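Below is the file coords32.txt, which contains compact mmCIF, C-alpha atoms.
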```
# COMPACT_ATOMS: atom_id res chain seq x y z
CA MET A 1 80.65 79.74 104.67
CA ASP A 2 78.19 81.11 102.13
CA GLU A 3 78.78 84.60 103.48
CA ASN A 4 82.53 84.29 102.92
CA ARG A 5 81.94 82.96 99.42
CA ASP A 6 79.64 85.89 98.62
CA LYS A 7 82.22 88.36 99.89
CA LYS A 8 84.88 86.75 97.73
CA GLU A 9 82.63 86.83 94.66
CA HIS A 10 81.81 90.48 95.27
CA GLY A 11 85.50 91.21 95.70
CA VAL A 12 86.34 89.48 92.41
CA LYS A 13 83.60 91.40 90.56
CA PHE A 14 84.84 94.66 92.03
CA LEU A 15 88.44 93.96 91.00
CA LEU A 16 87.36 93.03 87.49
CA GLN A 17 85.40 96.26 87.14
CA GLU A 18 88.32 98.20 88.57
CA PHE A 19 90.69 96.52 86.13
CA GLY A 20 88.40 97.40 83.23
CA GLN A 21 88.34 101.05 84.26
CA ILE A 22 92.12 101.10 84.66
CA ASP A 23 92.66 99.67 81.18
CA THR A 24 90.09 102.06 79.68
CA GLU A 25 91.91 105.01 81.24
CA ARG A 26 95.25 103.71 79.95
CA LEU A 27 93.89 103.50 76.40
CA ARG A 28 92.34 106.97 76.74
CA LEU A 29 95.68 108.46 77.75
CA ARG A 30 97.37 106.75 74.82
CA GLY A 31 94.77 108.01 72.36
CA GLU A 32 94.88 111.56 73.71
CA ALA A 33 98.68 111.65 73.42
CA VAL A 34 98.45 110.60 69.76
CA GLN A 35 95.75 113.21 69.12
CA ARG A 36 97.86 115.97 70.70
CA LEU A 37 100.86 114.95 68.64
CA ASN A 38 98.79 114.96 65.44
CA PHE A 39 97.36 118.38 66.33
CA PHE A 40 100.84 119.76 66.96
CA LEU A 41 102.15 118.37 63.67
CA THR A 42 99.15 119.64 61.71
CA LEU A 43 99.31 123.10 63.27
CA THR A 44 103.06 123.37 62.66
CA SER A 45 102.76 122.28 59.04
CA ALA A 46 99.81 124.60 58.37
CA ILE A 47 101.38 127.71 59.91
CA LEU A 48 104.84 127.25 58.42
CA GLY A 49 103.40 126.32 55.03
CA GLY A 50 101.11 129.37 55.12
CA LEU A 51 104.03 131.63 56.00
CA VAL A 52 106.05 130.31 53.07
CA LEU A 53 103.20 131.07 50.65
CA PHE A 54 102.63 134.46 52.25
CA GLY A 55 106.32 135.33 51.98
CA GLN A 56 106.36 134.48 48.29
CA SER A 57 103.28 136.58 47.51
CA SER A 58 104.11 139.67 49.58
CA SER A 59 107.18 141.86 49.45
CA LEU A 60 105.87 144.70 51.64
CA ILE A 61 106.31 143.05 55.03
CA ARG A 62 109.45 141.53 56.51
CA ILE A 63 108.38 137.92 56.80
CA ASP A 64 111.20 136.98 59.18
CA TYR A 65 109.59 138.84 62.08
CA ILE A 66 106.30 137.07 61.49
CA VAL A 67 108.10 133.72 61.25
CA PHE A 68 109.88 134.42 64.53
CA ALA A 69 106.59 135.16 66.28
CA ALA A 70 105.01 132.04 64.76
CA LEU A 71 107.94 129.91 65.94
CA LEU A 72 107.52 131.18 69.50
CA PHE A 73 103.80 130.37 69.34
CA LEU A 74 104.41 126.88 67.97
CA SER A 75 107.14 126.29 70.55
CA THR A 76 104.65 127.11 73.30
CA ILE A 77 102.19 124.57 71.91
CA GLY A 78 105.03 122.08 71.52
CA TRP A 79 106.13 122.53 75.12
CA GLN A 80 102.60 121.95 76.38
CA THR A 81 102.40 118.79 74.27
CA PHE A 82 105.80 117.63 75.49
CA ASP A 83 104.94 118.24 79.15
CA TYR A 84 101.58 116.48 78.75
CA ILE A 85 103.22 113.39 77.27
CA ILE A 86 105.62 113.17 80.21
CA GLY A 87 102.64 113.36 82.58
CA ARG A 88 100.86 110.77 80.40
CA ASP A 89 103.76 108.34 80.77
CA ILE A 90 103.86 108.83 84.55
CA ASN A 91 100.10 108.31 84.87
CA THR A 92 100.24 105.29 82.55
CA ASP A 93 102.91 103.80 84.78
CA ARG A 94 100.64 104.21 87.82
CA LEU A 95 97.80 102.52 85.93
CA LEU A 96 100.04 99.60 84.93
CA ARG A 97 101.18 99.16 88.51
CA ALA A 98 97.56 99.26 89.70
CA GLY A 99 96.72 96.59 87.14
CA GLY A 100 99.70 94.59 88.34
CA ARG A 101 98.30 94.55 91.85
CA ILE A 102 95.01 93.16 90.59
CA ARG A 103 96.81 90.50 88.55
CA ARG A 104 98.80 89.68 91.67
CA TYR A 105 95.56 88.98 93.55
CA PHE A 106 94.40 86.48 90.93
CA VAL A 107 97.83 84.85 90.59
CA LYS A 108 98.05 84.47 94.35
CA ASN A 109 94.68 82.70 94.39
CA ASP A 110 95.43 80.62 91.29
CA PRO A 111 99.18 80.37 90.48
CA THR A 112 98.47 78.33 87.33
CA ILE A 113 97.33 81.44 85.43
CA GLN A 114 100.69 83.20 85.79
CA LYS A 115 102.18 81.60 82.68
CA TYR A 116 99.39 83.15 80.59
CA LEU A 117 100.04 86.72 81.71
CA MET A 118 101.67 89.14 79.26
CA TRP A 119 101.85 92.08 81.68
CA GLN A 120 103.43 92.50 85.10
CA ASN A 121 101.85 91.03 88.22
CA HIS A 122 103.80 93.26 90.60
CA ASP A 123 103.59 97.00 91.20
CA GLU A 124 107.13 98.17 90.59
CA PRO A 125 107.70 101.03 88.11
CA SER A 126 107.18 100.02 84.49
CA GLY A 127 109.20 100.72 81.38
CA TYR A 128 107.22 103.91 80.77
CA ILE A 129 109.36 105.69 83.36
CA THR A 130 112.33 103.35 83.88
CA HIS A 131 113.44 102.99 80.25
CA ASN A 132 112.29 106.44 79.09
CA THR A 133 111.78 105.36 75.46
CA SER A 134 108.43 106.87 74.41
CA ALA A 135 108.43 107.29 70.62
CA ILE A 136 105.78 110.02 70.80
CA ARG A 137 107.83 111.99 73.30
CA ARG A 138 111.00 111.66 71.22
CA THR A 139 109.13 112.98 68.16
CA VAL A 140 107.90 116.02 70.07
CA GLU A 141 111.40 116.57 71.49
CA ALA A 142 112.89 116.67 67.99
CA ILE A 143 110.23 118.98 66.51
CA LEU A 144 110.25 121.35 69.50
CA SER A 145 114.06 121.52 69.46
CA PHE A 146 113.98 122.27 65.73
CA LEU A 147 111.45 125.09 66.16
CA LEU A 148 113.44 126.65 68.98
CA ALA A 149 116.68 126.29 67.04
CA VAL A 150 115.21 128.05 64.00
CA ALA A 151 113.96 130.82 66.29
CA VAL A 152 117.45 131.22 67.73
CA GLY A 153 118.92 131.27 64.21
CA LEU A 154 116.51 134.04 63.20
CA LEU A 155 117.31 135.97 66.36
CA VAL A 156 121.02 135.74 65.62
CA ASN A 157 120.32 136.83 62.03
CA PHE A 158 118.56 139.94 63.31
CA ILE A 159 121.78 140.89 65.12
CA VAL A 160 124.45 139.55 62.76
CA GLN A 161 123.58 139.94 59.10
CA GLN A 162 125.53 136.94 57.85
CA GLU A 163 124.55 133.57 56.46
CA VAL A 164 126.93 131.20 58.25
CA ILE A 165 126.71 132.41 61.85
CA PRO A 166 122.89 132.07 62.19
CA PHE A 167 123.09 128.58 60.71
CA ILE A 168 125.82 127.54 63.15
CA GLY A 169 123.92 129.12 66.05
CA GLY A 170 120.77 127.26 65.06
CA ALA A 171 122.59 123.92 64.75
CA ILE A 172 124.22 124.28 68.15
CA SER A 173 120.92 125.42 69.67
CA PHE A 174 119.16 122.34 68.29
CA MET A 175 121.57 120.00 70.06
CA VAL A 176 121.39 122.02 73.30
CA PHE A 177 117.59 122.13 73.32
CA LEU A 178 117.31 118.42 72.47
CA ALA A 179 119.68 117.48 75.28
CA GLY A 180 117.89 119.81 77.68
CA LEU A 181 114.48 118.31 76.93
CA LYS A 182 115.82 114.79 77.40
CA ILE A 183 117.39 115.74 80.73
CA TYR A 184 114.15 117.37 81.86
CA ALA A 185 112.13 114.25 80.99
CA PHE A 186 114.72 111.99 82.64
CA ARG A 187 114.54 113.94 85.89
CA ARG A 188 110.75 113.89 85.91
CA PHE A 189 110.78 110.13 85.41
CA GLN A 190 113.45 109.59 88.06
CA LYS A 191 111.36 111.56 90.53
CA ALA A 192 108.32 109.41 89.69
CA VAL A 193 110.37 106.22 90.17
CA LYS A 194 111.63 107.43 93.54
CA GLU A 195 108.15 108.36 94.74
CA ALA A 196 106.79 104.99 93.65
CA GLN A 197 109.56 103.09 95.40
CA GLU A 198 109.18 105.07 98.61
CA LYS A 199 105.39 105.23 98.92
CA GLU A 200 103.43 102.96 96.60
CA ILE A 201 105.03 99.53 96.11
CA LEU A 202 103.21 96.72 97.91
CA HIS A 203 104.35 93.70 95.89
CA PRO A 204 108.04 94.06 94.88
CA LYS A 205 109.10 91.97 91.90
CA GLU A 206 112.12 90.40 93.60
CA THR A 207 110.09 89.37 96.64
CA ILE A 208 107.52 87.69 94.41
CA GLU A 209 110.26 85.87 92.46
CA LYS A 210 111.92 84.78 95.68
CA ILE A 211 108.70 83.28 96.99
CA GLU A 212 107.64 81.61 93.75
CA ASN A 213 111.06 80.71 92.33
CA PRO A 214 113.52 80.34 95.22
CA GLN A 215 116.00 78.41 93.08
CA VAL A 216 116.17 81.25 90.54
CA MET A 217 116.92 83.78 93.28
CA ASN A 218 119.62 81.50 94.71
CA ASP A 219 121.24 81.27 91.29
CA LYS A 220 121.23 85.09 91.04
CA THR A 221 122.93 85.51 94.38
CA THR A 222 125.64 82.95 93.60
CA GLN A 223 126.59 84.52 90.27
```

Here is a file; write its structure as structure tokens.
Amino acid sequence: MDENRDKKEHGVKFLLQEFGQIDTERLRLRGEAVQRLNFFLTLTSAILGGLVLFGQSSSLIRIDYIVFAALLFLSTIGWQTFDYIIGRDINTDRLLRAGGRIRRYFVKNDPTIQKYLMWQNHDEPSGYITHNTSAIRRTVEAILSFLLAVAVGLLVNFIVQQEVIPFIGGAISFMVFLAGLKIYAFRRFQKAVKEAQEKEILHPKETIEKIENPQVMNDKTTQ
């Protein structure tokens, strides 16, 4: 009896330590995403601001070529930031589902604590990949699309020396790039959801609700 109690206590301590590490990693990913966004914004502002000052003080060099090269460089940094944030959201989802499994263990052993939980106690995909609403990612999408659209506008201006056509080309490019980035992120998240549903779910939400609240599930089926 004492041996079983010791095993249970060791198991609880292990799960608590595991939960602490999971939450620490989740906060680290969140902080790193914010830092990368801030770095991208700072770098973009510094380079574009420096180019504006340089263009006003020098008339010997065509500044538009330098701006075009700078936009390609910033777009590369922006893409890396954008792709990292998508990976961050997918990894954060895995951490939340891992934490949900641990919560499920404690709820199963003491159902009275369930009403105090603010986070999920199942391991189905979270809103990070199902609702696709990351504010950080949307900010990077907008800035990256703008940089690419300006680059396209400059490229068109190199070919067609008019004022209206490059502006129209840039505006259309902005909408195309923004839609393309959203579609790319959506497909990455859909793939992550599918992989989670096929390989990783141990405690489905509906099964838990059916066991704990059979009347609620009956009401859903009769509606």

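Relative to atom CA of Ile90 of chain A, atom CA of Leu71 of chain A is found at 28.4 Å.
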
Do a neighbour search on segment 153-162 of chain A at 10 Å with all atoms listed in the file, toss out local chain neighbours closer than 2 positions, and write the hits as a count of residues only. 21

Nearest to Glu206 of chain A among A:Leu74, A:Asn109, A:Asp123, A:Val140, with distances taken over all atoms listed in the file: which residue is it?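 Looking at the shortest contact to Glu206 of chain A, the residue is A:Asp123.
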
Can you write out as JSON lines which residues of segment 117-152 of chain A fall within 10 Å of segment 32-49 of chain A, alongside each residue's closest atom pair and its distance in Å to one decimal, counting all atoms listed in the file and ordering rows by chain and ascending residue number?
```
{"residue": "A:Ile136", "atom": "CA", "partner": "A:Leu37", "partner_atom": "CA", "distance": 7.3}
{"residue": "A:Arg137", "atom": "CA", "partner": "A:Leu37", "partner_atom": "CA", "distance": 8.9}
{"residue": "A:Thr139", "atom": "CA", "partner": "A:Leu37", "partner_atom": "CA", "distance": 8.5}
{"residue": "A:Val140", "atom": "CA", "partner": "A:Leu37", "partner_atom": "CA", "distance": 7.3}
{"residue": "A:Ile143", "atom": "CA", "partner": "A:Leu41", "partner_atom": "CA", "distance": 8.6}
{"residue": "A:Leu144", "atom": "CA", "partner": "A:Phe40", "partner_atom": "CA", "distance": 9.9}
{"residue": "A:Leu147", "atom": "CA", "partner": "A:Thr44", "partner_atom": "CA", "distance": 9.3}
```

Mind working out the centre and edge lengths of an axis-aligned box for segment 85-99 of chain A, all listed atoms inside, 8 Å added to each side, rounded to one decimal in Å and written as JSON?
```
{"center_x": 101.2, "center_y": 105.0, "center_z": 83.5, "size_x": 24.9, "size_y": 32.8, "size_z": 28.4}
```

Top pick for closest residue to Ser75 of chain A, considering A:Ser134, A:Val152, A:Ala98, A:Glu25 and counting only C-alpha atoms: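 Of A:Ser134, A:Val152, A:Ala98, A:Glu25, the one nearest Ser75 of chain A, counting only C-alpha atoms, is A:Val152.
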
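Between atom CA of Arg101 of chain A and atom CA of Phe19 of chain A the separation is 9.7 Å.
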
Name all residues at most 10 Å from Thr92 of chain A (count all atoms listed in the file; drop same-chain ones fewer than 4 positions away) and give them as a PyMOL selection string. chain A and resi 22-23+25-30+86-88+96-98+126+128-129

Glu198 of chain A environment, 12 Å, only C-alpha atoms, sequence neighbours closer than 5 positions dropped, as a list in words: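 Listing them by chain and then by number gives Glu124, Pro125, Lys191, Ala192, Val193 and Pro204 of chain A.
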
Which value, in Å to one decimal, gives the distance between atom CA of Tyr116 of chain A and atom CA of Thr207 of chain A?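 Answer for the atom CA of Tyr116 of chain A to atom CA of Thr207 of chain A separation: 20.3 Å.
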
In terms of the shortest atom-to-atom distance over all atoms listed in the file, which of A:Phe189, A:Thr112, A:Ile102, A:Ala142 is closest to Gly127 of chain A?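 Selected residue with least distance to Gly127 of chain A: A:Phe189.
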
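Residues within 8 Å of Leu181 of chain A, counting only C-alpha atoms and excluding same-chain residues fewer than 4 positions away, are Glu141, Phe177 and Ala185 of chain A.
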
Could you write out that same residue set with C-alpha atoms as an mmCIF file, in the frame of the given file?
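The file below, part_21.cif, is the result:
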```
data_model
loop_
_atom_site.group_PDB
_atom_site.id
_atom_site.type_symbol
_atom_site.label_atom_id
_atom_site.label_comp_id
_atom_site.auth_asym_id
_atom_site.auth_seq_id
_atom_site.Cartn_x
_atom_site.Cartn_y
_atom_site.Cartn_z
ATOM 1 C CA GLU A 141 111.400 116.570 71.490
ATOM 2 C CA PHE A 177 117.590 122.130 73.320
ATOM 3 C CA ALA A 185 112.130 114.250 80.990
#
```

With all atoms listed in the file as the atoms that count, which of A:Glu209, A:Phe14, A:Arg94, A:Asp6 lies nearest to Gln114 of chain A?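 Of the candidates, the smallest distance to Gln114 of chain A is held by A:Glu209.
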
Export segment 44-86 of chain A of the preceding structure, keeping N, CA and C atoms, as a PDB file, in the first residue's frame.
```pdb
ATOM      1  N   THR A  44      13.524  47.406 -40.116  1.00  0.00           N
ATOM      2  CA  THR A  44      12.820  48.009 -41.251  1.00  0.00           C
ATOM      3  C   THR A  44      12.793  49.529 -41.128  1.00  0.00           C
ATOM      4  N   SER A  45      12.446  50.006 -39.943  1.00  0.00           N
ATOM      5  CA  SER A  45      12.394  51.462 -39.735  1.00  0.00           C
ATOM      6  C   SER A  45      13.764  52.101 -39.908  1.00  0.00           C
ATOM      7  N   ALA A  46      14.810  51.450 -39.371  1.00  0.00           N
ATOM      8  CA  ALA A  46      16.157  52.028 -39.444  1.00  0.00           C
ATOM      9  C   ALA A  46      16.661  52.089 -40.881  1.00  0.00           C
ATOM     10  N   ILE A  47      16.484  50.990 -41.628  1.00  0.00           N
ATOM     11  CA  ILE A  47      17.005  50.955 -42.996  1.00  0.00           C
ATOM     12  C   ILE A  47      16.241  51.913 -43.904  1.00  0.00           C
ATOM     13  N   LEU A  48      14.911  51.872 -43.841  1.00  0.00           N
ATOM     14  CA  LEU A  48      14.135  52.756 -44.713  1.00  0.00           C
ATOM     15  C   LEU A  48      14.334  54.221 -44.340  1.00  0.00           C
ATOM     16  N   GLY A  49      14.398  54.503 -43.030  1.00  0.00           N
ATOM     17  CA  GLY A  49      14.662  55.877 -42.605  1.00  0.00           C
ATOM     18  C   GLY A  49      16.036  56.350 -43.046  1.00  0.00           C
ATOM     19  N   GLY A  50      17.046  55.477 -42.942  1.00  0.00           N
ATOM     20  CA  GLY A  50      18.387  55.833 -43.390  1.00  0.00           C
ATOM     21  C   GLY A  50      18.448  56.081 -44.885  1.00  0.00           C
ATOM     22  N   LEU A  51      17.701  55.293 -45.653  1.00  0.00           N
ATOM     23  CA  LEU A  51      17.683  55.475 -47.103  1.00  0.00           C
ATOM     24  C   LEU A  51      17.029  56.798 -47.494  1.00  0.00           C
ATOM     25  N   VAL A  52      15.998  57.177 -46.752  1.00  0.00           N
ATOM     26  CA  VAL A  52      15.347  58.466 -47.033  1.00  0.00           C
ATOM     27  C   VAL A  52      16.326  59.612 -46.798  1.00  0.00           C
ATOM     28  N   LEU A  53      17.049  59.581 -45.687  1.00  0.00           N
ATOM     29  CA  LEU A  53      18.025  60.630 -45.399  1.00  0.00           C
ATOM     30  C   LEU A  53      19.156  60.625 -46.413  1.00  0.00           C
ATOM     31  N   PHE A  54      19.593  59.413 -46.792  1.00  0.00           N
ATOM     32  CA  PHE A  54      20.672  59.307 -47.772  1.00  0.00           C
ATOM     33  C   PHE A  54      20.235  59.840 -49.134  1.00  0.00           C
ATOM     34  N   GLY A  55      18.997  59.564 -49.507  1.00  0.00           N
ATOM     35  CA  GLY A  55      18.490  60.036 -50.786  1.00  0.00           C
ATOM     36  C   GLY A  55      18.372  61.549 -50.842  1.00  0.00           C
ATOM     37  N   GLN A  56      18.079  62.165 -49.705  1.00  0.00           N
ATOM     38  CA  GLN A  56      17.957  63.623 -49.672  1.00  0.00           C
ATOM     39  C   GLN A  56      19.315  64.315 -49.701  1.00  0.00           C
ATOM     40  N   SER A  57      20.343  63.631 -49.204  1.00  0.00           N
ATOM     41  CA  SER A  57      21.670  64.264 -49.110  1.00  0.00           C
ATOM     42  C   SER A  57      22.575  63.955 -50.283  1.00  0.00           C
ATOM     43  N   SER A  58      22.200  62.966 -51.121  1.00  0.00           N
ATOM     44  CA  SER A  58      23.066  62.582 -52.240  1.00  0.00           C
ATOM     45  C   SER A  58      22.272  62.582 -53.537  1.00  0.00           C
ATOM     46  N   SER A  59      22.845  63.202 -54.536  1.00  0.00           N
ATOM     47  CA  SER A  59      22.212  63.241 -55.858  1.00  0.00           C
ATOM     48  C   SER A  59      23.043  62.517 -56.903  1.00  0.00           C
ATOM     49  N   LEU A  60      24.123  61.847 -56.477  1.00  0.00           N
ATOM     50  CA  LEU A  60      25.036  61.199 -57.414  1.00  0.00           C
ATOM     51  C   LEU A  60      24.645  59.745 -57.694  1.00  0.00           C
ATOM     52  N   ILE A  61      23.892  59.148 -56.819  1.00  0.00           N
ATOM     53  CA  ILE A  61      23.552  57.732 -56.952  1.00  0.00           C
ATOM     54  C   ILE A  61      22.040  57.595 -57.079  1.00  0.00           C
ATOM     55  N   ARG A  62      21.600  56.719 -57.957  1.00  0.00           N
ATOM     56  CA  ARG A  62      20.170  56.460 -58.074  1.00  0.00           C
ATOM     57  C   ARG A  62      19.712  55.676 -56.849  1.00  0.00           C
ATOM     58  N   ILE A  63      18.966  56.327 -56.005  1.00  0.00           N
ATOM     59  CA  ILE A  63      18.576  55.727 -54.736  1.00  0.00           C
ATOM     60  C   ILE A  63      17.572  54.599 -54.920  1.00  0.00           C
ATOM     61  N   ASP A  64      16.839  54.585 -56.040  1.00  0.00           N
ATOM     62  CA  ASP A  64      15.797  53.581 -56.208  1.00  0.00           C
ATOM     63  C   ASP A  64      16.375  52.172 -56.308  1.00  0.00           C
ATOM     64  N   TYR A  65      17.568  52.027 -56.889  1.00  0.00           N
ATOM     65  CA  TYR A  65      18.190  50.712 -56.946  1.00  0.00           C
ATOM     66  C   TYR A  65      18.593  50.226 -55.551  1.00  0.00           C
ATOM     67  N   ILE A  66      19.102  51.136 -54.764  1.00  0.00           N
ATOM     68  CA  ILE A  66      19.488  50.783 -53.395  1.00  0.00           C
ATOM     69  C   ILE A  66      18.248  50.433 -52.579  1.00  0.00           C
ATOM     70  N   VAL A  67      17.176  51.192 -52.763  1.00  0.00           N
ATOM     71  CA  VAL A  67      15.927  50.903 -52.051  1.00  0.00           C
ATOM     72  C   VAL A  67      15.396  49.535 -52.441  1.00  0.00           C
ATOM     73  N   PHE A  68      15.474  49.204 -53.730  1.00  0.00           N
ATOM     74  CA  PHE A  68      14.997  47.903 -54.193  1.00  0.00           C
ATOM     75  C   PHE A  68      15.778  46.768 -53.537  1.00  0.00           C
ATOM     76  N   ALA A  69      17.099  46.913 -53.475  1.00  0.00           N
ATOM     77  CA  ALA A  69      17.922  45.888 -52.828  1.00  0.00           C
ATOM     78  C   ALA A  69      17.604  45.793 -51.336  1.00  0.00           C
ATOM     79  N   ALA A  70      17.398  46.948 -50.703  1.00  0.00           N
ATOM     80  CA  ALA A  70      17.066  46.942 -49.270  1.00  0.00           C
ATOM     81  C   ALA A  70      15.714  46.274 -49.021  1.00  0.00           C
ATOM     82  N   LEU A  71      14.756  46.504 -49.909  1.00  0.00           N
ATOM     83  CA  LEU A  71      13.440  45.882 -49.762  1.00  0.00           C
ATOM     84  C   LEU A  71      13.525  44.371 -49.884  1.00  0.00           C
ATOM     85  N   LEU A  72      14.363  43.886 -50.800  1.00  0.00           N
ATOM     86  CA  LEU A  72      14.539  42.435 -50.930  1.00  0.00           C
ATOM     87  C   LEU A  72      15.176  41.853 -49.664  1.00  0.00           C
ATOM     88  N   PHE A  73      16.151  42.579 -49.109  1.00  0.00           N
ATOM     89  CA  PHE A  73      16.787  42.126 -47.875  1.00  0.00           C
ATOM     90  C   PHE A  73      15.789  42.090 -46.719  1.00  0.00           C
ATOM     91  N   LEU A  74      15.029  43.173 -46.566  1.00  0.00           N
ATOM     92  CA  LEU A  74      14.043  43.226 -45.483  1.00  0.00           C
ATOM     93  C   LEU A  74      12.945  42.180 -45.677  1.00  0.00           C
ATOM     94  N   SER A  75      12.579  41.916 -46.918  1.00  0.00           N
ATOM     95  CA  SER A  75      11.562  40.902 -47.188  1.00  0.00           C
ATOM     96  C   SER A  75      12.053  39.515 -46.785  1.00  0.00           C
ATOM     97  N   THR A  76      13.354  39.273 -46.981  1.00  0.00           N
ATOM     98  CA  THR A  76      13.927  37.991 -46.553  1.00  0.00           C
ATOM     99  C   THR A  76      13.854  37.839 -45.039  1.00  0.00           C
ATOM    100  N   ILE A  77      14.221  38.903 -44.328  1.00  0.00           N
ATOM    101  CA  ILE A  77      14.116  38.871 -42.862  1.00  0.00           C
ATOM    102  C   ILE A  77      12.656  38.720 -42.440  1.00  0.00           C
ATOM    103  N   GLY A  78      11.765  39.417 -43.139  1.00  0.00           N
ATOM    104  CA  GLY A  78      10.343  39.324 -42.815  1.00  0.00           C
ATOM    105  C   GLY A  78       9.796  37.926 -43.029  1.00  0.00           C
ATOM    106  N   TRP A  79      10.217  37.284 -44.123  1.00  0.00           N
ATOM    107  CA  TRP A  79       9.751  35.919 -44.374  1.00  0.00           C
ATOM    108  C   TRP A  79      10.234  34.963 -43.280  1.00  0.00           C
ATOM    109  N   GLN A  80      11.484  35.095 -42.873  1.00  0.00           N
ATOM    110  CA  GLN A  80      11.996  34.245 -41.805  1.00  0.00           C
ATOM    111  C   GLN A  80      11.217  34.462 -40.507  1.00  0.00           C
ATOM    112  N   THR A  81      10.890  35.720 -40.220  1.00  0.00           N
ATOM    113  CA  THR A  81      10.090  36.021 -39.028  1.00  0.00           C
ATOM    114  C   THR A  81       8.699  35.431 -39.147  1.00  0.00           C
ATOM    115  N   PHE A  82       8.090  35.593 -40.302  1.00  0.00           N
ATOM    116  CA  PHE A  82       6.750  35.057 -40.557  1.00  0.00           C
ATOM    117  C   PHE A  82       6.723  33.540 -40.417  1.00  0.00           C
ATOM    118  N   ASP A  83       7.696  32.866 -41.021  1.00  0.00           N
ATOM    119  CA  ASP A  83       7.739  31.407 -40.960  1.00  0.00           C
ATOM    120  C   ASP A  83       8.004  30.920 -39.537  1.00  0.00           C
ATOM    121  N   TYR A  84       8.841  31.661 -38.795  1.00  0.00           N
ATOM    122  CA  TYR A  84       9.098  31.288 -37.403  1.00  0.00           C
ATOM    123  C   TYR A  84       7.828  31.389 -36.568  1.00  0.00           C
ATOM    124  N   ILE A  85       7.051  32.445 -36.776  1.00  0.00           N
ATOM    125  CA  ILE A  85       5.844  32.639 -35.973  1.00  0.00           C
ATOM    126  C   ILE A  85       4.827  31.539 -36.252  1.00  0.00           C
ATOM    127  N   ILE A  86       4.738  31.085 -37.494  1.00  0.00           N
ATOM    128  CA  ILE A  86       3.857  29.950 -37.785  1.00  0.00           C
ATOM    129  C   ILE A  86       4.318  28.721 -37.018  1.00  0.00           C
TER     130      ILE A  86
END
```
